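Novice: Next up, coords_29.txt (compact mmCIF, C-alpha atoms).
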```txt
# COMPACT_ATOMS: atom_id res chain seq x y z
CA MET L 1 174.79 93.07 61.16
CA LEU L 2 175.82 89.70 59.81
CA THR L 3 173.03 87.10 59.93
CA LEU L 4 173.92 83.43 59.65
CA THR L 5 171.95 80.21 59.65
CA ARG L 6 173.34 77.33 61.72
CA LYS L 7 172.07 73.92 62.78
CA VAL L 8 172.59 72.15 66.10
CA GLY L 9 176.26 71.24 66.45
CA GLU L 10 177.42 73.83 63.92
CA SER L 11 179.52 76.78 65.00
CA ILE L 12 180.62 80.30 64.14
CA ARG L 13 184.16 81.61 64.63
CA ILE L 14 185.01 85.14 65.72
CA GLY L 15 188.67 85.68 65.07
CA GLU L 16 190.98 82.83 66.01
CA GLU L 17 190.04 82.47 69.66
CA ILE L 18 186.24 82.64 69.93
CA GLU L 19 183.80 79.93 68.85
CA ILE L 20 180.01 80.10 69.17
CA VAL L 21 178.33 76.66 69.04
CA VAL L 22 174.60 76.01 68.60
CA LYS L 23 173.84 73.47 71.34
CA GLU L 24 170.06 73.09 71.15
CA ILE L 25 167.01 74.59 69.45
CA ARG L 26 163.60 74.35 71.10
CA ARG L 27 160.59 76.25 69.78
CA ASN L 28 161.65 79.89 70.10
CA GLN L 29 164.80 79.32 72.19
CA VAL L 30 168.34 78.68 71.06
CA ARG L 31 171.00 77.42 73.49
CA ILE L 32 174.52 78.38 72.57
CA GLY L 33 177.93 77.55 73.92
CA ILE L 34 180.83 79.99 73.81
CA VAL L 35 184.46 78.94 73.77
CA ALA L 36 186.73 81.91 74.47
CA PRO L 37 189.85 82.80 76.46
CA ARG L 38 189.17 83.42 80.15
CA ASP L 39 190.22 87.06 79.83
CA VAL L 40 187.41 87.80 77.33
CA PRO L 41 184.32 89.02 79.21
CA ILE L 42 181.04 87.50 78.00
CA TYR L 43 177.70 88.94 79.17
CA ARG L 44 174.03 88.57 78.33
CA GLU L 45 172.83 91.86 76.82
CA GLU L 46 170.71 92.86 79.83
CA VAL L 47 173.63 92.28 82.21
CA TYR L 48 175.96 94.31 79.98
CA GLU L 49 173.47 97.19 79.88
CA ALA L 50 173.21 97.13 83.69
CA ILE L 51 177.02 97.27 83.96
CA LEU L 52 177.16 100.27 81.63
CA GLU L 53 174.39 101.99 83.57
CA GLU L 54 176.19 101.41 86.85
CA ARG L 55 179.44 102.79 85.42
CA ALA L 56 177.62 105.89 84.16
CA ASP L 57 176.09 106.42 87.62
CA ASP L 58 179.55 106.14 89.20
CA GLU L 59 180.95 108.79 86.85
CA GLU L 60 178.28 111.41 87.62
CA PRO L 61 179.41 114.18 90.00
```
Could you spell out this file's structure in structure tokens?
Specialist:
Amino acid sequence: MLTLTRKVGESIRIGEEIEIVVKEIRRNQVRIGIVAPRDVPIYREEVYEAILEERADDEEP
């Protein structure tokens, strides 16, 4: 895992097409913005896990 330190307004690039921007920091919450092509799916972790679980349930005989 790569761990980076960023301040509000600073960003991180993933490849050429994805940018993660720190929008706001409040106490123990960080708000981020994500700039990516529309065809790149972006999910919160808990939503992604639910999708994987649903797919696994669909594949069971």
Novice: Do you know which residues are at most 12 Å from Arg44 of chain L counting all atoms listed in the file, after dropping those on the same chain fewer than 5 positions away, and could you put them as a ChimeraX atom specification?
Specialist: /L:32,34,49-51
Novice: List the residues sitting within 10 Å of (182.7, 79.5, 74.7) in the file's frame, using all atoms listed in the file, as an mmCIF file with C-alpha atoms, in the frame of the given file.
Specialist:
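So point_13.cif came out as:
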```cif
data_model
loop_
_atom_site.group_PDB
_atom_site.id
_atom_site.type_symbol
_atom_site.label_atom_id
_atom_site.label_comp_id
_atom_site.auth_asym_id
_atom_site.auth_seq_id
_atom_site.Cartn_x
_atom_site.Cartn_y
_atom_site.Cartn_z
ATOM 1 C CA GLU L 17 190.040 82.470 69.660
ATOM 2 C CA ILE L 18 186.240 82.640 69.930
ATOM 3 C CA GLU L 19 183.800 79.930 68.850
ATOM 4 C CA ILE L 20 180.010 80.100 69.170
ATOM 5 C CA VAL L 21 178.330 76.660 69.040
ATOM 6 C CA ILE L 32 174.520 78.380 72.570
ATOM 7 C CA GLY L 33 177.930 77.550 73.920
ATOM 8 C CA ILE L 34 180.830 79.990 73.810
ATOM 9 C CA VAL L 35 184.460 78.940 73.770
ATOM 10 C CA ALA L 36 186.730 81.910 74.470
ATOM 11 C CA PRO L 37 189.850 82.800 76.460
ATOM 12 C CA ARG L 38 189.170 83.420 80.150
ATOM 13 C CA VAL L 40 187.410 87.800 77.330
ATOM 14 C CA ILE L 42 181.040 87.500 78.000
#
```
Novice: Expressed in Å to a single decimal, how great is the separation between atom CA of Lys7 of chain L and atom CA of Val30 of chain L?
Specialist: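 Atom CA of Val30 of chain L lies 10.3 Å from atom CA of Lys7 of chain L.
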Novice: Quick check, in Å to one decimal: how far apart do atom CA of Arg31 of chain L and atom CA of Leu2 of chain L lie?
Specialist: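 Distance reported for this atom pair: 19.0 Å.
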Novice: How many Å separate atom CA of Glu24 of chain L from atom CA of Tyr48 of chain L?
Specialist: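 Between atom CA of Glu24 of chain L and atom CA of Tyr48 of chain L the gap is 23.7 Å.
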Novice: Can you give me N, CA, C and O atoms for segment 23-40 of chain L, written as a short mmCIF file (atom, residue, chain, number, x, y, z; two decimals), in the coordinates of the input?
Specialist:
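Wrote it out as result-v1.cif, contents follow:
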```
data_model
loop_
_atom_site.label_atom_id
_atom_site.label_comp_id
_atom_site.auth_asym_id
_atom_site.auth_seq_id
_atom_site.Cartn_x
_atom_site.Cartn_y
_atom_site.Cartn_z
N LYS L 23 173.96 74.68 70.54
CA LYS L 23 173.84 73.47 71.34
C LYS L 23 172.47 72.82 71.21
O LYS L 23 172.35 71.60 71.20
N GLU L 24 171.42 73.64 71.16
CA GLU L 24 170.06 73.09 71.15
C GLU L 24 169.10 74.14 70.62
O GLU L 24 169.28 75.33 70.86
N ILE L 25 168.08 73.70 69.93
CA ILE L 25 167.01 74.59 69.45
C ILE L 25 165.68 73.99 69.89
O ILE L 25 165.40 72.84 69.58
N ARG L 26 164.92 74.78 70.63
CA ARG L 26 163.60 74.35 71.10
C ARG L 26 162.61 75.48 70.87
O ARG L 26 162.78 76.56 71.43
N ARG L 27 161.62 75.24 70.07
CA ARG L 27 160.59 76.25 69.78
C ARG L 27 161.25 77.59 69.47
O ARG L 27 161.89 77.75 68.46
N ASN L 28 161.10 78.55 70.37
CA ASN L 28 161.65 79.89 70.10
C ASN L 28 162.90 80.18 70.93
O ASN L 28 163.24 81.33 71.17
N GLN L 29 163.58 79.13 71.41
CA GLN L 29 164.80 79.32 72.19
C GLN L 29 165.98 78.61 71.53
O GLN L 29 165.83 77.51 71.01
N VAL L 30 167.11 79.27 71.57
CA VAL L 30 168.34 78.68 71.06
C VAL L 30 169.35 78.67 72.20
O VAL L 30 169.58 79.69 72.83
N ARG L 31 169.93 77.52 72.48
CA ARG L 31 171.00 77.42 73.49
C ARG L 31 172.32 77.44 72.75
O ARG L 31 172.49 76.69 71.78
N ILE L 32 173.21 78.29 73.21
CA ILE L 32 174.52 78.38 72.57
C ILE L 32 175.62 78.14 73.59
O ILE L 32 175.44 78.38 74.78
N GLY L 33 176.74 77.68 73.10
CA GLY L 33 177.93 77.55 73.92
C GLY L 33 178.99 78.48 73.36
O GLY L 33 179.05 78.70 72.14
N ILE L 34 179.80 79.05 74.22
CA ILE L 34 180.83 79.99 73.81
C ILE L 34 182.17 79.50 74.32
O ILE L 34 182.33 79.27 75.52
N VAL L 35 183.10 79.32 73.41
CA VAL L 35 184.46 78.94 73.77
C VAL L 35 185.33 80.17 73.52
O VAL L 35 185.41 80.66 72.39
N ALA L 36 185.93 80.69 74.58
CA ALA L 36 186.73 81.91 74.47
C ALA L 36 187.79 81.90 75.58
O ALA L 36 187.62 81.23 76.60
N PRO L 37 188.86 82.67 75.39
CA PRO L 37 189.85 82.80 76.46
C PRO L 37 189.20 83.36 77.73
O PRO L 37 188.25 84.13 77.66
N ARG L 38 189.74 82.97 78.87
CA ARG L 38 189.17 83.42 80.15
C ARG L 38 189.20 84.94 80.33
O ARG L 38 188.40 85.49 81.08
N ASP L 39 190.12 85.61 79.66
CA ASP L 39 190.22 87.06 79.83
C ASP L 39 189.23 87.83 78.95
O ASP L 39 189.19 89.06 79.00
N VAL L 40 188.42 87.14 78.17
CA VAL L 40 187.41 87.80 77.33
C VAL L 40 186.09 87.80 78.10
O VAL L 40 185.52 86.74 78.36
#
```
